[in-house]
Structures are given as structure tokens and as C-alpha cells.
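Written out below as C-alpha cells is the structure these notes cover.
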Amino acid sequence: MSDTTTHPAKAPSFREWLTAENPVSPAQARAQQVWLGWRKLRRNGSALLGFALLAIIVFAAVFAPLLATQDIFTQDLANRLQGPSLQHWFGTDELGRDIYSRLLFGARITLYIACLTAVIAAPVGLIVGTVSGYFGGWVDIVLMRITEIFLAFPSLVLALAFVAALGPGINNAIIAISLASWPPIARLARAETMVIRRSDYISAVRLQGASNTRLIVSHVMPMCIPSVIARITLNMASIILSAAGLGFLGLGAQPPSPEWGAMLSAARQFILTSPHVAAFPGIAILVTSIAFNLVGDGLRDVLDPRHE
């Protein structure tokens with residue numbers, strides 16, 4: 001008789017588990033999707049640059065109290081409008097306050113406005129768009145006509161109108177920018193929904209007795225979320241510029257808040273004599289907007305399989 005011994009099957013490595021052709025569980029399928037998305041993203045140099053810039057900005061905002069070299073509200077009129085130096089890396093403003101430290105804390109305000117606006121505008125646009133695209137008919141006509149009314153005005157002009165009615169302040173600026181930012185999301189979600197609702201799996205779920213609410217929430221919205229995420233990330237630059245514009249006009253953050261738009265507003269009369277006072281807040285707005293645009297382009301490549 002031959003003595004044959006059976007050895008247990010060798011467990012696959014983590015890389016083999018990620019690259020398996022046929023996933024055996026939903027968790028493995030989701031992990032493979034994330035892995036393939038990361039592989040596609042890391043080949044996009046501009047997107048990685050955007051993520052790096054955004055990481056630096058977020059790091060500066062989170063650790064602003066540790067990175068700041070001066071108190072952002074302390075005035076020193078004897079050293080007003082000083083150029084960059086070892087004591088004041090980016091110089092001082094018209095009241096002798098340290099521009100570098102104020103930019104760090106201003107990053108907190110800018111990211112707060114941008115992120116909260118996205119949290120408000122994205123769900124509103126997603127709900128309006130999916131409901132409009134799924135039901136069609138008079139529901140689609142009414143919701144899209146309302147959306148087109150909002151789209152008829154430039155976003156900054158519309159935000160100005162809302163914040164003028166609500167009153168100046170950061171929270172009112174967020175509400176105003178959110179009201180001006182949801183219509184493009186709604187149009188995108190509607191277009192996605194009109195394609196998804198004709199899919200075979202939607203018909204199969206409907207035949208199983210699923211309600212319209214369940215179909216929209218559990219099956220249509222999840223399919224629209226990737227495109228919405230990519231679009232709202234691309235819109236972040238517009239949101240930041242709108243927030244800075246409101247601050248520049250005195251309708252957003254109020255002095256002595258170190259919001260970048262408000263800093264530009266205070267510095268505009270010193271552009272010719274002390275250009276650094278306006279240059280550094282302007283550069284901060286520019287770099288942050290570029291970072292979000294680069295990240296948005298990268299996410300669009302990863303999340304939208306039709307975009308190559």
C-alpha cells in the first residue's frame with residue numbers, strides 16, 4: 001500500500017486575495033474595487049499632487065494652534081505692513097498682525113465652509129435629481145423647472161442675493177452657497193437616474209414588490225453617489241471662491257476673523273505699497289482651489305468607469 005498524505009491547501013496571500021479573478025464574497029469584491037481604483041489613481045500624477053496639496057492644507061488647518069508663531073488677534077501698530085522676516089514669515093497686515101498665523105487659522109474657516117456646503121448641497125441635489133429622473137412626468141417637470149430657475153443665475157450672484165436676505169455671517173454664507181450649489185448636482189443625478197431606471201435589475205427588483213421609495217434609496221441613489229462625489233469635489237473650487245467673494249464683500253466672515261476673502265478685502269488698499277498683504281491670502285485661495293480641482297479630476301477617473 002502506498003502511504004499518501006494530504007496537505008491542507010495553502011491560504012492565498014493578501015495580494016492574491018486582492019487580485020483574484022473571481023471574488024467569493026461582497027467584502028472581497030469591494031476590496032478589489034478599492035484596489036483597482038487606487039492603482040488607477042496612482043498613475044495620475046496630477047491627482048496625487050492634488051491629494052498632497054490638500055493633505056498639507058488639512059494638516060495646517062488641524063494643527064494651526066501648534067504651527068502658528070503669533071497670536072492671530074494681537075495688534076502691533078508699530079510693526080504694521082512689515083515685509084516677510086524671521087519673526088513674521090509672511091509679514092504683517094495693516095494692524096501689525098502676523099499673516100502666516102492668520103492664514104493657518106483661515107484654512108480652518110475655508111475648509112469648514114467648503115465641507116459643510118458639500119454636506120448640504122450634495123444630498124439635496126441627489127434627492128431632487130433621483131426623484132425627478134425616476135418618476136418623470138409632472139414631477140420631473142416641476143423639479144427641473146425649479147432647478148433651472150436656480151441655474152439661470154451665476155452661483156456667486158445667487159449666493160449674494162441669499163446672504164443679503166439672510167444677513168452677513170459664516171453660517172448664513174454656508175446656507176447661501178449651498179442653495180446656489182445643489183442645482184448642478186440635481187441635473188447630474190437626474191441624468192444618471194434616467195439611465196439606471198431602465199436597467200434590468202431595477203425591473204427585477206420592482207417585480208419582487210419593492211416600493212418606489214426603496215428602489216430610489218437602496219438601488220438608484222447608490223449608483224449615483226460616485227458621480228455626485230466626483231462632481232461635488234470639482235465644485236469645491238467654486239465653493240471656495242464664492243466664500244472668499246462673500247468675505248471680500250463683507251457678507252461672509254466678519255472682522256477680525258482670519259477668513260482669506262476678508263483678509264483680501266482689508267488688504268486691497270495696500271496692494272501697491274505692501275503687495276505681500278494681499279498676495280499670500282490670494283495664493284492660499286489659488287492653491288486650495290487647484291488642489292480640489294486636481295483631486296476632483298482624479299476621483300472622476302476612478303469613480304466614473306465611462307471616463308477614460
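Note on naming: chains are A, B, ... as they come in the C-alpha cells, residues start from 1 per chain, ligands start from 1 in the order shown.
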
Could you produce a table of the residues of region 7-114 of chain A lying within 10 Å of region 162-181 of chain A, with the nearest pair of atoms per residue and their separation in Å rounded to one decimal, using only C-alpha atoms, ordered by chain and increasing residue number, as a Markdown table?
```
| residue | atom | partner | partner_atom | distance |
| --- | --- | --- | --- | --- |
| A:Ile109 | CA | A:Ile170 | CA | 8.6 |
| A:Thr110 | CA | A:Ile170 | CA | 9.9 |
| A:Tyr112 | CA | A:Ile174 | CA | 9.2 |
| A:Ile113 | CA | A:Ile174 | CA | 5.9 |
| A:Ala114 | CA | A:Ile174 | CA | 8.1 |
```

Could you give me, as CSV, every region 74-148 of chain A residue with an atom at most 10 Å from region 205-213 of chain A, plus its closest atom pair and distance in Å to one decimal, counting only C-alpha atoms, rows ordered by chain then number?
```
residue,atom,partner,partner_atom,distance
A:Val131,CA,A:Thr213,CA,9.2
A:Tyr134,CA,A:Asn212,CA,8.7
A:Phe135,CA,A:Asn212,CA,8.8
```

Saved selection, atoms kept: all heavy atoms, as a short mmCIF file (atom, residue, chain, number, x, y, z; two decimals), in the first residue's frame:
```cif
data_model
loop_
_atom_site.label_atom_id
_atom_site.label_comp_id
_atom_site.auth_asym_id
_atom_site.auth_seq_id
_atom_site.Cartn_x
_atom_site.Cartn_y
_atom_site.Cartn_z
N VAL A 131 -35.27 61.68 -7.61
CA VAL A 131 -36.75 61.68 -7.62
C VAL A 131 -37.26 62.17 -8.97
O VAL A 131 -38.19 61.59 -9.55
CB VAL A 131 -37.29 62.56 -6.47
CG1 VAL A 131 -38.79 62.77 -6.60
CG2 VAL A 131 -36.97 61.92 -5.13
N TYR A 134 -36.45 59.48 -11.71
CA TYR A 134 -37.14 58.19 -11.54
C TYR A 134 -38.62 58.29 -11.91
O TYR A 134 -39.14 57.45 -12.63
CB TYR A 134 -36.98 57.70 -10.11
CG TYR A 134 -37.64 56.36 -9.85
CD1 TYR A 134 -36.98 55.18 -10.16
CD2 TYR A 134 -38.92 56.28 -9.31
CE1 TYR A 134 -37.57 53.95 -9.94
CE2 TYR A 134 -39.53 55.06 -9.09
CZ TYR A 134 -38.85 53.89 -9.40
OH TYR A 134 -39.46 52.67 -9.18
N PHE A 135 -39.28 59.30 -11.40
CA PHE A 135 -40.72 59.39 -11.63
C PHE A 135 -41.06 60.01 -12.99
O PHE A 135 -42.04 59.62 -13.62
CB PHE A 135 -41.38 60.21 -10.51
CG PHE A 135 -41.44 59.50 -9.19
CD1 PHE A 135 -40.59 59.86 -8.16
CD2 PHE A 135 -42.32 58.46 -8.99
CE1 PHE A 135 -40.64 59.20 -6.94
CE2 PHE A 135 -42.39 57.80 -7.78
CZ PHE A 135 -41.54 58.16 -6.75
#
```

Q) Which value, in Å to one decimal, gives the distance between CA of Ile229 (chain A) and CA of Val58 (chain A)? A) 18.7 Å

Q: For Met221 (chain A), please output as a ChimeraX atom specification all residues within 9 Å (counting only C-alpha atoms; exclusion window: fewer than 4 positions along the same chain).
A: /A:126-127,130,189,193,215-217,225

Q.
Can you measure CA of Gly136 (chain A) to CA of Ala230 (chain A) for me? One decimal in Å is fine.
A. 24.9 Å

Q. Which residues, written as a list in words, have at least one atom at most 9 Å from Val124 (chain A), with only C-alpha atoms counted and residues fewer than 2 positions away on the same chain left out?
A. Val119, Ile120, Ala121, Ala122, Leu126, Ile127, Val128, Gly129, Trp182, Pro183, Ile185 and Ala186 of chain A

Would you mind exporting the chosen residues as a short mmCIF file (atom, residue, chain, number, x, y, z; two decimals), in the first residue's frame, restricted to N, CA, C and O atoms?
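Printed below is selection.cif as written:
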```
data_model
loop_
_atom_site.label_atom_id
_atom_site.label_comp_id
_atom_site.auth_asym_id
_atom_site.auth_seq_id
_atom_site.Cartn_x
_atom_site.Cartn_y
_atom_site.Cartn_z
N VAL A 119 -21.70 68.97 2.28
CA VAL A 119 -22.57 68.06 3.03
C VAL A 119 -24.04 68.45 2.84
O VAL A 119 -24.93 67.58 2.84
N ILE A 120 -24.31 69.74 2.66
CA ILE A 120 -25.69 70.19 2.48
C ILE A 120 -26.11 70.07 1.02
O ILE A 120 -27.19 69.54 0.71
N ALA A 121 -25.28 70.54 0.10
CA ALA A 121 -25.68 70.62 -1.31
C ALA A 121 -25.75 69.25 -1.97
O ALA A 121 -26.67 69.01 -2.78
N ALA A 122 -24.81 68.36 -1.67
CA ALA A 122 -24.79 67.06 -2.34
C ALA A 122 -26.05 66.23 -2.06
O ALA A 122 -26.67 65.72 -3.01
N LEU A 126 -28.81 65.30 -4.85
CA LEU A 126 -29.00 63.88 -5.12
C LEU A 126 -30.48 63.49 -4.99
O LEU A 126 -31.02 62.77 -5.84
N ILE A 127 -31.13 63.95 -3.94
CA ILE A 127 -32.54 63.62 -3.73
C ILE A 127 -33.41 64.21 -4.84
O ILE A 127 -34.25 63.51 -5.43
N VAL A 128 -33.22 65.49 -5.13
CA VAL A 128 -34.03 66.13 -6.17
C VAL A 128 -33.81 65.46 -7.52
O VAL A 128 -34.76 65.16 -8.27
N GLY A 129 -32.55 65.18 -7.86
CA GLY A 129 -32.25 64.58 -9.16
C GLY A 129 -32.78 63.17 -9.31
O GLY A 129 -33.33 62.83 -10.36
N TRP A 182 -26.53 73.29 -5.25
CA TRP A 182 -27.18 72.00 -5.46
C TRP A 182 -27.73 71.77 -6.87
O TRP A 182 -27.83 70.60 -7.30
N PRO A 183 -28.12 72.79 -7.65
CA PRO A 183 -28.73 72.51 -8.96
C PRO A 183 -27.86 71.69 -9.92
O PRO A 183 -28.38 70.77 -10.57
N ILE A 185 -25.74 69.41 -9.20
CA ILE A 185 -25.77 68.05 -8.69
C ILE A 185 -27.09 67.38 -9.06
O ILE A 185 -27.14 66.21 -9.43
N ALA A 186 -28.19 68.13 -8.96
CA ALA A 186 -29.50 67.58 -9.30
C ALA A 186 -29.57 67.21 -10.78
O ALA A 186 -30.11 66.15 -11.14
#
```

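Checking A:Met236, A:Ala118, A:Met144, A:Leu251 one by one against Ala161 (chain A), counting only C-alpha atoms, you find the shortest gap at A:Leu251.
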